[in-house]
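J.: This is the structure I have questions about; it appears just below.
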Amino acid sequence: MAFKFEQLDVWKLSLEYSDSIYDLADKLPEKEKYNLSSQIVRAATSISLNIAEGSTGQSNPEQNRFLGLALRSLIETVACQRMITHRKYVIDKNYMEQVDLKAQELAKRISAFRKALIQTSQNISEDQSPYETNEI
């Protein structure tokens, strides 16, 4: 059984971005393992989790709220990327630009999804569960 969020392109894109962030975190110096590395990974993970949580049985305003949280987490990862560049932890400009382009694309997709939710009266929610309970 697939969950509704697994069919969302924005969620799939968030997973790809998260993979990029995990790779970036692996490039950071050991001294940043419990600080910047941990922070950027947690923020990236939060993006996908908020998109998923918001898709399940929520009204449009509630789903929009979760997408807003996902967008905030995305901005947090971008701020971490800027700190990584500023501190010269990763000096490969092309690599950092590619990660940044993924962040920009994800931000556009989340924003477009939020806009679509505001413009439609149809709720996007999780399908009813096929599970049955038999009481004795």
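Residues are referred to by chain and number: the chain letter is A, B, ... according to the order shown in the structure tokens, the number counts from 1 in that chain, and ligands are numbered separately from 1 in the order shown.
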Which residues, written as a PyMOL selection string, have at least one atom at most 8 Å from segment 112-116 of chain A, with only C-alpha atoms counted and residues fewer than 6 positions away on the same chain left out?
T.: chain A and resi 64+67-68
J.: Taking 6 positions as the minimum chain separation for residues in the same chain, which residues sit within 10 Å of Met83 of chain A when counting only C-alpha atoms? Answer as a VMD selection string.
T.: chain A and resid 36 77 89
J.: Please produce a file of the residues just selected, as a PDB file, in the first residue's frame, where the atoms kept are N, CA and C atoms.
T.:
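Contents of the output file part24.pdb:
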```pdb
ATOM      1  N   LEU A  36      27.277  21.694  12.808  1.00  0.00           N
ATOM      2  CA  LEU A  36      26.752  22.059  11.492  1.00  0.00           C
ATOM      3  C   LEU A  36      26.265  20.839  10.704  1.00  0.00           C
ATOM      4  N   THR A  77      18.433  24.808   5.753  1.00  0.00           N
ATOM      5  CA  THR A  77      19.522  24.088   5.084  1.00  0.00           C
ATOM      6  C   THR A  77      20.324  25.023   4.193  1.00  0.00           C
ATOM      7  N   TYR A  89      34.543  25.100   4.166  1.00  0.00           N
ATOM      8  CA  TYR A  89      34.591  23.674   4.479  1.00  0.00           C
ATOM      9  C   TYR A  89      34.524  22.831   3.208  1.00  0.00           C
TER      10      TYR A  89
END
```
J.: Can you pull out every residue within 6 Å of segment 11-26 of chain A, counting only C-alpha atoms, but drop anything in the same chain fewer than 6 positions away, and send it as a list of chain:residue names?
T.: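 Surrounding residues, per the criterion: A:Ser37, A:Ala44, A:Ser48.
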J.: From a backbone DSSP assignment, name each residue in chain A labelled helix (DSSP H, G or I), as a ChimeraX atom specification.
T.: /A:4-7,9-26,30-32,36-55,60-86,93-119
J.: Residues near Glu6 of chain A, anyone? I mean within 10 Å using only C-alpha atoms, not counting same-chain ones fewer than 6 positions away, as an MDAnalysis selection string.
T.: chainID A and resid 12 51:52 55
J.: Can you write out the residues you just picked, keeping N, CA and C atoms, as an mmCIF file, in the first residue's frame?
T.:
```
data_model
loop_
_atom_site.group_PDB
_atom_site.id
_atom_site.type_symbol
_atom_site.label_atom_id
_atom_site.label_comp_id
_atom_site.auth_asym_id
_atom_site.auth_seq_id
_atom_site.Cartn_x
_atom_site.Cartn_y
_atom_site.Cartn_z
ATOM 1 N N LYS A 12 9.118 13.522 -3.480
ATOM 2 C CA LYS A 12 10.211 12.809 -4.147
ATOM 3 C C LYS A 12 11.420 13.728 -4.339
ATOM 4 N N ILE A 51 6.366 17.460 4.675
ATOM 5 C CA ILE A 51 5.559 17.256 3.465
ATOM 6 C C ILE A 51 4.695 16.008 3.646
ATOM 7 N N ALA A 52 5.285 14.944 4.151
ATOM 8 C CA ALA A 52 4.551 13.697 4.358
ATOM 9 C C ALA A 52 3.434 13.887 5.387
ATOM 10 N N SER A 55 0.359 15.793 4.238
ATOM 11 C CA SER A 55 -0.451 15.214 3.168
ATOM 12 C C SER A 55 -1.515 14.253 3.675
#
```
